[in-house]
Every structure is written in structure tokens, then in C-alpha cells.
>>> print(open('target_20.pdb').read())   # PDB, C-alpha atoms
ATOM      1  CA  MET A  15      44.939 -20.725 173.717
ATOM      2  CA  PRO A  16      42.132 -19.526 176.034
ATOM      3  CA  ARG A  17      38.949 -18.349 174.405
ATOM      4  CA  GLY A  18      38.291 -14.646 174.759
ATOM      5  CA  LYS A  19      34.923 -13.036 175.322
ATOM      6  CA  SER A  20      34.748 -11.938 171.677
ATOM      7  CA  ASP A  21      35.584 -15.424 170.311
ATOM      8  CA  LYS A  22      32.377 -17.258 169.516
ATOM      9  CA  PRO A  23      32.175 -20.823 170.917
ATOM     10  CA  ARG A  24      32.647 -23.722 168.544
ATOM     11  CA  GLY A  25      29.295 -24.995 167.277
ATOM     12  CA  ARG A  26      27.922 -28.175 168.794
ATOM     13  CA  MET A  27      28.222 -31.463 166.952
ATOM     14  CA  SER A  28      25.420 -33.912 166.215
ATOM     15  CA  SER A  29      25.581 -37.629 166.977
ATOM     16  CA  TYR A  30      26.056 -38.353 163.258
ATOM     17  CA  ALA A  31      28.906 -35.821 163.008
ATOM     18  CA  TYR A  32      30.696 -37.608 165.861
ATOM     19  CA  PHE A  33      30.148 -40.931 164.098
ATOM     20  CA  VAL A  34      31.713 -39.645 160.852
ATOM     21  CA  LYS A  35      34.608 -38.056 162.763
ATOM     22  CA  ILE A  36      35.460 -41.303 164.563
ATOM     23  CA  CYS A  37      35.090 -43.360 161.365
ATOM     24  CA  ARG A  38      37.525 -41.034 159.631
ATOM     25  CA  GLU A  39      40.036 -41.236 162.485
ATOM     26  CA  GLU A  40      39.848 -45.049 162.491
ATOM     27  CA  HIS A  41      40.255 -45.147 158.708
ATOM     28  CA  GLN A  42      43.340 -42.912 158.879
ATOM     29  CA  LYS A  43      44.903 -45.193 161.515
ATOM     30  CA  LYS A  44      44.340 -48.265 159.339
ATOM     31  CA  HIS A  45      45.344 -46.545 156.077
ATOM     32  CA  PRO A  46      47.846 -43.776 156.918
ATOM     33  CA  GLY A  47      48.704 -41.463 154.044
ATOM     34  CA  GLU A  48      45.773 -42.621 151.882
ATOM     35  CA  ASN A  49      43.827 -39.883 150.123
ATOM     36  CA  VAL A  50      40.182 -40.189 151.090
ATOM     37  CA  VAL A  51      37.508 -39.250 148.549
ATOM     38  CA  PHE A  52      35.134 -37.361 150.816
ATOM     39  CA  THR A  53      31.933 -37.932 148.805
ATOM     40  CA  GLU A  54      32.500 -41.702 148.645
ATOM     41  CA  PHE A  55      33.526 -41.884 152.301
ATOM     42  CA  SER A  56      30.510 -39.805 153.331
ATOM     43  CA  ARG A  57      28.155 -42.077 151.360
ATOM     44  CA  LYS A  58      29.527 -45.189 153.081
ATOM     45  CA  CYS A  59      29.202 -43.550 156.491
ATOM     46  CA  SER A  60      25.596 -42.617 155.739
ATOM     47  CA  GLU A  61      24.733 -46.190 154.697
ATOM     48  CA  LYS A  62      26.397 -47.646 157.780
ATOM     49  CA  TRP A  63      24.597 -45.154 160.067
ATOM     50  CA  LYS A  64      21.224 -46.155 158.671
ATOM     51  CA  GLU A  65      21.940 -49.828 159.348
ATOM     52  CA  MET A  66      23.045 -49.252 162.955
ATOM     53  CA  SER A  67      20.726 -50.092 165.837
ATOM     54  CA  ALA A  68      19.633 -47.591 168.473
ATOM     55  CA  LYS A  69      21.972 -49.287 170.943
ATOM     56  CA  GLU A  70      24.946 -48.839 168.593
ATOM     57  CA  LYS A  71      24.082 -45.163 168.056
ATOM     58  CA  LEU A  72      23.772 -44.527 171.789
ATOM     59  CA  ARG A  73      27.518 -43.913 172.198
ATOM     60  CA  PHE A  74      27.417 -41.059 169.685
ATOM     61  CA  GLU A  75      24.188 -39.632 171.105
ATOM     62  CA  GLU A  76      25.870 -39.393 174.504
ATOM     63  CA  MET A  77      28.815 -37.545 172.950
ATOM     64  CA  ALA A  78      26.437 -35.118 171.230
ATOM     65  CA  ALA A  79      24.512 -34.579 174.476
ATOM     66  CA  LYS A  80      27.714 -33.692 176.339
ATOM     67  CA  ASP A  81      28.774 -31.331 173.540
ATOM     68  CA  LYS A  82      25.401 -29.597 173.647
ATOM     69  CA  ILE A  83      25.845 -28.971 177.373
ATOM     70  CA  ARG A  84      29.363 -27.627 176.675
ATOM     71  CA  TYR A  85      28.060 -25.366 173.905
ATOM     72  CA  ASP A  86      25.135 -24.035 175.973
ATOM     73  CA  SER A  87      27.507 -23.335 178.864
ATOM     74  CA  GLU A  88      29.972 -21.427 176.673
ATOM     75  CA  MET A  89      27.210 -19.483 174.905
ATOM     76  CA  SER A  90      25.787 -18.380 178.270
ATOM     77  CA  THR A  91      29.028 -16.452 178.961
ATOM     78  CA  TYR A  92      29.670 -15.361 175.354
ATOM     79  CA  THR A  93      29.531 -11.646 174.633
ATOM     80  CA  PRO A  94      29.170 -11.002 170.874
ATOM     81  CA  PRO A  95      31.061  -8.029 169.402
ATOM     82  CA  GLN A  96      29.031  -4.852 168.972
ATOM     83  CA  GLY A  97      27.179  -4.856 165.683
ATOM     84  CA  GLU A  98      27.705  -8.560 165.037
ATOM     85  CA  ALA A  99      25.242  -9.789 162.424
ATOM     86  CA  VAL A 100      24.541 -12.970 160.504
ATOM     87  CA  GLY A 101      27.435 -13.390 158.064
ATOM     88  CA  LYS A 102      27.182 -13.745 154.320
ATOM     89  CA  GLY A 103      26.381 -17.183 153.074
ATOM     90  CA  ARG A 104      25.210 -18.368 156.478
ATOM     91  CA  LYS A 105      21.730 -19.752 156.754
ATOM     92  CA  ARG A 106      19.384 -17.858 158.981
ATOM     93  CA  LYS A 107      17.879 -19.904 161.755
ATOM     94  CA  HIS A 108      14.280 -20.795 161.008
ATOM     95  CA  LYS A 109      11.828 -19.795 163.679
ATOM     96  CA  LYS A 110      10.402 -22.916 165.262
ATOM     97  CA  ASP A 111       6.655 -23.373 165.066
ATOM     98  CA  PRO A 112       5.329 -23.347 168.662
ATOM     99  CA  ASN A 113       2.726 -25.921 167.598
ATOM    100  CA  ALA A 114       5.363 -28.401 166.400
ATOM    101  CA  PRO A 115       5.797 -31.495 168.590
ATOM    102  CA  LYS A 116       8.811 -31.756 170.864
ATOM    103  CA  ARG A 117      11.406 -34.220 169.612
ATOM    104  CA  ALA A 118      11.706 -37.568 171.367
ATOM    105  CA  LEU A 119      14.311 -37.812 174.111
ATOM    106  CA  SER A 120      16.950 -40.534 174.255
ATOM    107  CA  ALA A 121      17.376 -42.931 177.184
ATOM    108  CA  PHE A 122      20.444 -40.948 178.268
ATOM    109  CA  PHE A 123      18.414 -37.729 178.509
ATOM    110  CA  PHE A 124      15.817 -39.398 180.746
ATOM    111  CA  PHE A 125      18.642 -40.723 182.926
ATOM    112  CA  CYS A 126      20.165 -37.230 183.188
ATOM    113  CA  ALA A 127      16.807 -35.735 184.173
ATOM    114  CA  ASP A 128      16.653 -38.182 187.106
ATOM    115  CA  GLU A 129      20.252 -37.891 188.290
ATOM    116  CA  ARG A 130      21.185 -34.250 187.568
ATOM    117  CA  PRO A 131      19.301 -32.688 190.554
ATOM    118  CA  ALA A 132      21.072 -34.975 193.041
ATOM    119  CA  LEU A 133      24.480 -34.199 191.514
ATOM    120  CA  ARG A 134      23.849 -30.456 191.668
ATOM    121  CA  LYS A 135      22.827 -30.753 195.308
ATOM    122  CA  GLN A 136      25.873 -32.884 196.164
ATOM    123  CA  PHE A 137      28.339 -30.697 194.212
ATOM    124  CA  PRO A 138      26.963 -27.110 194.163
ATOM    125  CA  ASP A 139      30.276 -25.738 192.864
ATOM    126  CA  TYR A 140      30.340 -28.000 189.800
ATOM    127  CA  SER A 141      30.148 -26.371 186.374
ATOM    128  CA  VAL A 142      27.749 -27.586 183.691
ATOM    129  CA  GLY A 143      30.653 -29.437 182.064
ATOM    130  CA  ASP A 144      31.582 -31.184 185.331
ATOM    131  CA  ILE A 145      27.997 -32.339 185.809
ATOM    132  CA  ALA A 146      27.892 -33.648 182.233
ATOM    133  CA  LYS A 147      31.160 -35.529 182.732
ATOM    134  CA  ASP A 148      29.891 -37.237 185.890
ATOM    135  CA  LEU A 149      26.574 -38.091 184.269
ATOM    136  CA  GLY A 150      28.422 -39.747 181.403
ATOM    137  CA  LYS A 151      30.468 -41.874 183.835
ATOM    138  CA  MET A 152      27.351 -42.826 185.805
ATOM    139  CA  TRP A 153      25.506 -43.784 182.622
ATOM    140  CA  ALA A 154      28.361 -46.065 181.556
ATOM    141  CA  VAL A 155      27.845 -48.235 184.664
ATOM    142  CA  CYS A 156      24.096 -47.729 185.050
ATOM    143  CA  LYS A 157      22.196 -50.978 185.669
ATOM    144  CA  ASP A 158      18.766 -49.425 185.075
ATOM    145  CA  LYS A 159      19.300 -48.727 181.368
ATOM    146  CA  PRO A 160      16.347 -50.963 180.324
ATOM    147  CA  LYS A 161      14.078 -48.688 182.376
ATOM    148  CA  TYR A 162      15.249 -45.630 180.438
ATOM    149  CA  ASP A 163      15.121 -47.506 177.129
ATOM    150  CA  VAL A 164      11.413 -48.097 177.795
ATOM    151  CA  LEU A 165      10.872 -44.396 178.544
ATOM    152  CA  ALA A 166      12.720 -43.436 175.362
ATOM    153  CA  ALA A 167      10.658 -45.901 173.298
ATOM    154  CA  LYS A 168       7.406 -44.474 174.712
ATOM    155  CA  ASP A 169       8.544 -40.921 174.009
ATOM    156  CA  LYS A 170       9.515 -41.876 170.477
ATOM    157  CA  LYS A 171       6.014 -43.299 169.914
ATOM    158  CA  ARG A 172       4.518 -40.123 171.397
ATOM    159  CA  TYR A 173       6.588 -38.008 169.010
ATOM    160  CA  GLU A 174       5.598 -40.075 165.967
ATOM    161  CA  ILE A 175       1.888 -39.750 166.824
ATOM    162  CA  GLU A 176       2.148 -35.998 167.450
ATOM    163  CA  LYS A 177       4.252 -35.490 164.320
ATOM    164  CA  LEU A 178       1.671 -37.268 162.180
ATOM    165  CA  ALA A 179      -1.118 -35.159 163.667
ATOM    166  CA  TYR A 180       0.937 -32.007 163.171
ATOM    167  CA  GLU A 181       1.720 -32.783 159.528
ATOM    168  CA  LYS A 182      -1.959 -33.424 158.799
ATOM    169  CA  GLY A 183      -3.440 -30.425 160.546
ATOM    170  CA  GLY A 184      -0.563 -28.062 161.164
ATOM    171  CA  LYS A 185      -0.906 -28.370 164.918
ATOM    172  CA  ILE A 186      -1.253 -30.987 167.609
ATOM    173  CA  PRO A 187      -4.849 -31.429 168.786
ATOM    174  CA  LEU A 188      -5.155 -30.580 172.448
ATOM    175  CA  VAL A 189      -6.624 -33.352 174.536
ATOM    176  CA  LYS A 190      -8.470 -31.947 177.533
ATOM    177  CA  LYS A 191      -7.818 -33.788 180.729
ATOM    178  CA  PRO A 192     -11.029 -34.911 182.440
ATOM    179  CA  LYS A 193     -11.807 -32.843 185.505
ATOM    180  CA  PRO A 194     -11.972 -34.801 188.768
ATOM    181  CA  GLN A 195     -15.585 -35.468 189.643
ATOM    182  CA  PRO A 196     -16.775 -34.876 193.235
ATOM    183  CA  LEU A 197     -17.541 -37.985 195.239
ATOM    184  CA  PRO A 198     -21.240 -38.932 195.259
ATOM    185  CA  GLN A 199     -22.951 -37.846 198.471
ATOM    186  CA  PRO A 200     -26.662 -38.880 198.154
ATOM    187  CA  GLU A 201     -26.192 -42.288 199.802
ATOM    188  CA  VAL A 202     -24.542 -40.718 202.854
ATOM    189  CA  GLN A 203     -27.313 -38.120 203.087
ATOM    190  CA  GLU A 204     -30.006 -40.814 202.786
ATOM    191  CA  GLU A 205     -28.401 -42.812 205.597
ATOM    192  CA  GLU A 206     -28.290 -39.699 207.798
ATOM    193  CA  GLU A 207     -31.967 -38.964 207.019
ATOM    194  CA  GLU A 208     -32.931 -42.560 207.861
ATOM    195  CA  GLU A 209     -31.062 -42.308 211.187
ATOM    196  CA  GLU A 210     -32.892 -39.029 211.982
ATOM    197  CA  GLU A 211     -36.269 -40.630 211.158
ATOM    198  CA  GLU A 212     -35.472 -43.609 213.404
ATOM    199  CA  GLU A 213     -34.585 -41.246 216.258
ATOM    200  CA  GLU A 214     -37.864 -39.352 215.771
ATOM    201  CA  ASP A 215     -39.813 -42.669 215.824
ATOM    202  CA  ASP A 216     -38.040 -43.648 219.030
ATOM    203  CA  ASP A 217     -39.016 -40.328 220.602
ATOM    204  CA  ASP A 218     -42.660 -40.826 219.562
ATOM    205  CA  ASP A 219     -42.667 -44.318 221.069
ATOM    206  CA  ALA A 220     -41.221 -42.975 224.308
ATOM    207  CA  GLU A 221     -44.040 -40.469 224.589
TER
END
>>> encode(input="target_20.pdb", output="C-alpha cells")
Amino acid sequence: MPRGKSDKPRGRMSSYAYFVKICREEHQKKHPGENVVFTEFSRKCSEKWKEMSAKEKLRFEEMAAKDKIRYDSEMSTYTPPQGEAVGKGRKRKHKKDPNAPKRALSAFFFFCADERPALRKQFPDYSVGDIAKDLGKMWAVCKDKPKYDVLAAKDKKRYEIEKLAYEKGGKIPLVKKPKPQPLPQPEVQEEEEEEEEEEEDDDDDAE
């Protein structure tokens, strides 16, 4: 059934939510009809997630990234009903501190930042979802993944440093970039002065 303007888009899913969803689907295939105790199943999923490597989590991060693009696209065309307010029992969104450090980006996000402009130029009629789909396919066969893994690792280190500074002082200390210094000129001027003096001496000798 098509979504109407007044129907709010489905919320986006996190990488962990996708992981739990797929684990549950796989468990149901292996054990059809079995009643799953959610708290126990959730605990096992949490333990397994913590033990997984960044490479193993990448698949779910990509799924979450695509869903975020889908959600942002749908929200951009969503018209809330007049007088819509935050419902009862729902948590109000906390206002983000502008001084808080930006979260580290994954390798996939760095890849998208490089490739998205070219895709938009090549396919100007593509929707946000189409672009995301193509980026996902390109990432699956990308041979430069180590390059983006390095960028992600550096950004993660940057985030950890900024987070530590933020937690200690409440804000990230601004590091002023050194201003470019003008090139030294005295030597050039001295050479010009010496040349002028030599010319004057030559003129005196000629007289």
C-alpha cells in the first residue's frame, strides 16, 4: 500500500538492529515453530555483537547507511498532520551539544563521499535511494577498501581524542592553524643593493 503524505516514514534502523533482525530470521529458519525467549535471545545477540570484528560488522553498517538515506529521503517529502505533537510515552529528542565531537565515519561513508558526486553527475535523474543502491553495489566490488579502512581508522582515533577532551572540559579545544609566513626578502634586497653599488663603482671608474 503506497504511503500517503500524512503517514510518517518508518524510523531508520541501526546496524545492531539489522544484526538482531537477521539473527532472528536465521534462527527461525533453523528452528521453525520454536518459541524464542526474547530476553535470552537478545542477551546472546549482544554478546556476539561485542565479539565481532569491524570487518564482520561492516555488512550491517552498510545496511544501516542505506536505510538512513531512505529515511532522510522520505522525511524530506513528509508533511506532518496539522497540530502533530510528540506522543505520550515517546522520548523527546535531546538537543545535541554543538561542542560535542562528530562521530567517526565508517569506511563505507568515506567511499560514498568519494563516489557520490560522480554518480549524481552521471545519473542526474536518480533518486537518493537509487544512488544508495548503486553505491552499495560498487562498494561490494571495490578494490580500494584498505584505503578507506585506513581513513576510517584515523577518523576513529580523531573521535576518541576529541571525545576524551570533550568529556574532560565540556568542549573540544580549538587548535589554531599557523598562518602562512611571508617569504624572507632581505637576502634578495641585499643582492640588489650590492649590484647597484657595483654599478655605481663602475661609473666612477669610467669617469
>>> closest_atom_pairs(input="target_20.pdb", of="region 62-149 of chain A", to="region 162-181 of chain A", cutoff="8 Å", atoms="all atoms listed in the file", output="tab-separated table")
residue	atom	partner	partner_atom	distance
A:Asn113	CA	A:Tyr180	CA	7.7
A:Ala114	CA	A:Tyr180	CA	6.6
A:Pro115	CA	A:Glu176	CA	5.9
A:Lys116	CA	A:Tyr173	CA	6.9
A:Arg117	CA	A:Tyr173	CA	6.2
A:Ala118	CA	A:Lys170	CA	4.9
A:Leu119	CA	A:Ala166	CA	6.0
A:Ser120	CA	A:Ala166	CA	5.2
A:Ala121	CA	A:Tyr162	CA	4.7
A:Phe122	CA	A:Tyr162	CA	7.3
A:Phe124	CA	A:Tyr162	CA	6.3
A:Phe125	CA	A:Tyr162	CA	6.5
>>> resolve_selection(input="target_20.pdb", expression="the PyMOL selection byres ((chain A and resi 133) around 12)", output="list in words")
Cys126, Ala127, Asp128, Glu129, Arg130, Pro131, Ala132, Arg134, Lys135, Gln136, Phe137, Pro138, Asp139, Tyr140, Ser141, Val142, Asp144, Ile145, Ala146, Lys147, Asp148, Leu149 and Met152 of chain A
>>> atom_distance(input="target_20.pdb", atom1="CA of Cys59 (chain A)", atom2="CA of Glu75 (chain A)")
15.9 Å
>>> resolve_selection(input="target_20.pdb", expression="the PyMOL selection byres ((chain A and resi 33-45) around 9)", output="ChimeraX atom specification")
/A:28-32,46-48,50,55-56,59-60,63,71,74
>>> axis_aligned_box(input="target_20.pdb", around="region 109-122 of chain A", padding_each_side="3 Å", output="JSON")
{"center_x": 11.6, "center_y": -31.4, "center_z": 171.0, "size_x": 23.7, "size_y": 29.1, "size_z": 20.6}
>>> atom_distance(input="target_20.pdb", atom1="CA of Met66 (chain A)", atom2="CA of Ala78 (chain A)")
16.7 Å
>>> atom_distance(input="target_20.pdb", atom1="CA of Phe123 (chain A)", atom2="CA of Lys159 (chain A)")
11.4 Å
>>> build_atoms(input="target_20.pdb", residues="region 146-157 of chain A", atoms="all heavy atoms", output="short mmCIF file (atom, residue, chain, number, x, y, z; two decimals), keeping the file's coordinate frame")
data_model
loop_
_atom_site.label_atom_id
_atom_site.label_comp_id
_atom_site.auth_asym_id
_atom_site.auth_seq_id
_atom_site.Cartn_x
_atom_site.Cartn_y
_atom_site.Cartn_z
N ALA A 146 28.04 -32.81 183.43
CA ALA A 146 27.89 -33.65 182.23
C ALA A 146 28.89 -34.79 182.24
O ALA A 146 28.57 -35.93 181.88
CB ALA A 146 28.08 -32.80 180.97
N LYS A 147 30.12 -34.50 182.68
CA LYS A 147 31.16 -35.53 182.73
C LYS A 147 30.78 -36.64 183.71
O LYS A 147 30.92 -37.83 183.41
CB LYS A 147 32.48 -34.88 183.16
CG LYS A 147 33.71 -35.75 182.90
CD LYS A 147 34.98 -35.05 183.35
CE LYS A 147 35.28 -33.85 182.48
NZ LYS A 147 36.56 -33.21 182.87
N ASP A 148 30.29 -36.25 184.88
CA ASP A 148 29.89 -37.24 185.89
C ASP A 148 28.68 -38.05 185.43
O ASP A 148 28.60 -39.26 185.67
CB ASP A 148 29.57 -36.55 187.22
CG ASP A 148 30.83 -36.30 188.05
OD1 ASP A 148 31.93 -36.42 187.48
OD2 ASP A 148 30.72 -35.98 189.24
N LEU A 149 27.75 -37.38 184.77
CA LEU A 149 26.57 -38.09 184.27
C LEU A 149 26.97 -39.14 183.24
O LEU A 149 26.42 -40.24 183.21
CB LEU A 149 25.58 -37.10 183.65
CG LEU A 149 24.78 -36.24 184.64
CD1 LEU A 149 24.03 -35.14 183.89
CD2 LEU A 149 23.81 -37.09 185.45
N GLY A 150 27.94 -38.80 182.40
CA GLY A 150 28.42 -39.75 181.40
C GLY A 150 29.05 -40.98 182.05
O GLY A 150 28.83 -42.11 181.61
N LYS A 151 29.84 -40.77 183.12
CA LYS A 151 30.47 -41.87 183.84
C LYS A 151 29.41 -42.75 184.52
O LYS A 151 29.51 -43.98 184.52
CB LYS A 151 31.45 -41.33 184.88
CG LYS A 151 32.69 -40.70 184.29
CD LYS A 151 33.58 -40.13 185.38
CE LYS A 151 34.82 -39.44 184.80
NZ LYS A 151 35.65 -38.83 185.86
N MET A 152 28.41 -42.09 185.12
CA MET A 152 27.35 -42.83 185.80
C MET A 152 26.53 -43.65 184.82
O MET A 152 26.12 -44.78 185.11
CB MET A 152 26.44 -41.84 186.56
CG MET A 152 27.10 -41.18 187.75
SD MET A 152 26.15 -39.77 188.37
CE MET A 152 24.66 -40.58 188.95
N TRP A 153 26.29 -43.08 183.64
CA TRP A 153 25.51 -43.78 182.62
C TRP A 153 26.24 -45.03 182.13
O TRP A 153 25.62 -46.06 181.84
CB TRP A 153 25.21 -42.85 181.46
CG TRP A 153 24.48 -43.49 180.32
CD1 TRP A 153 24.96 -43.78 179.08
CD2 TRP A 153 23.12 -43.91 180.31
NE1 TRP A 153 24.01 -44.36 178.30
CE2 TRP A 153 22.85 -44.46 179.03
CE3 TRP A 153 22.10 -43.90 181.25
CZ2 TRP A 153 21.62 -44.98 178.67
CZ3 TRP A 153 20.85 -44.43 180.90
CH2 TRP A 153 20.63 -44.95 179.62
N ALA A 154 27.56 -44.94 182.05
CA ALA A 154 28.36 -46.06 181.56
C ALA A 154 28.22 -47.30 182.44
O ALA A 154 28.31 -48.43 181.95
CB ALA A 154 29.83 -45.65 181.46
N VAL A 155 27.97 -47.09 183.74
CA VAL A 155 27.84 -48.24 184.66
C VAL A 155 26.41 -48.41 185.18
O VAL A 155 26.17 -49.19 186.10
CB VAL A 155 28.82 -48.08 185.86
CG1 VAL A 155 30.25 -48.11 185.38
CG2 VAL A 155 28.54 -46.77 186.62
N CYS A 156 25.50 -47.67 184.59
CA CYS A 156 24.10 -47.73 185.05
C CYS A 156 23.48 -49.11 184.78
O CYS A 156 23.61 -49.66 183.69
CB CYS A 156 23.28 -46.65 184.34
SG CYS A 156 21.53 -46.66 184.76
N LYS A 157 22.83 -49.67 185.80
CA LYS A 157 22.20 -50.98 185.67
C LYS A 157 20.70 -50.87 185.33
O LYS A 157 20.04 -51.89 185.09
CB LYS A 157 22.37 -51.77 186.96
CG LYS A 157 23.83 -52.13 187.26
CD LYS A 157 23.97 -52.92 188.55
CE LYS A 157 25.42 -53.28 188.83
NZ LYS A 157 25.57 -54.01 190.11
#
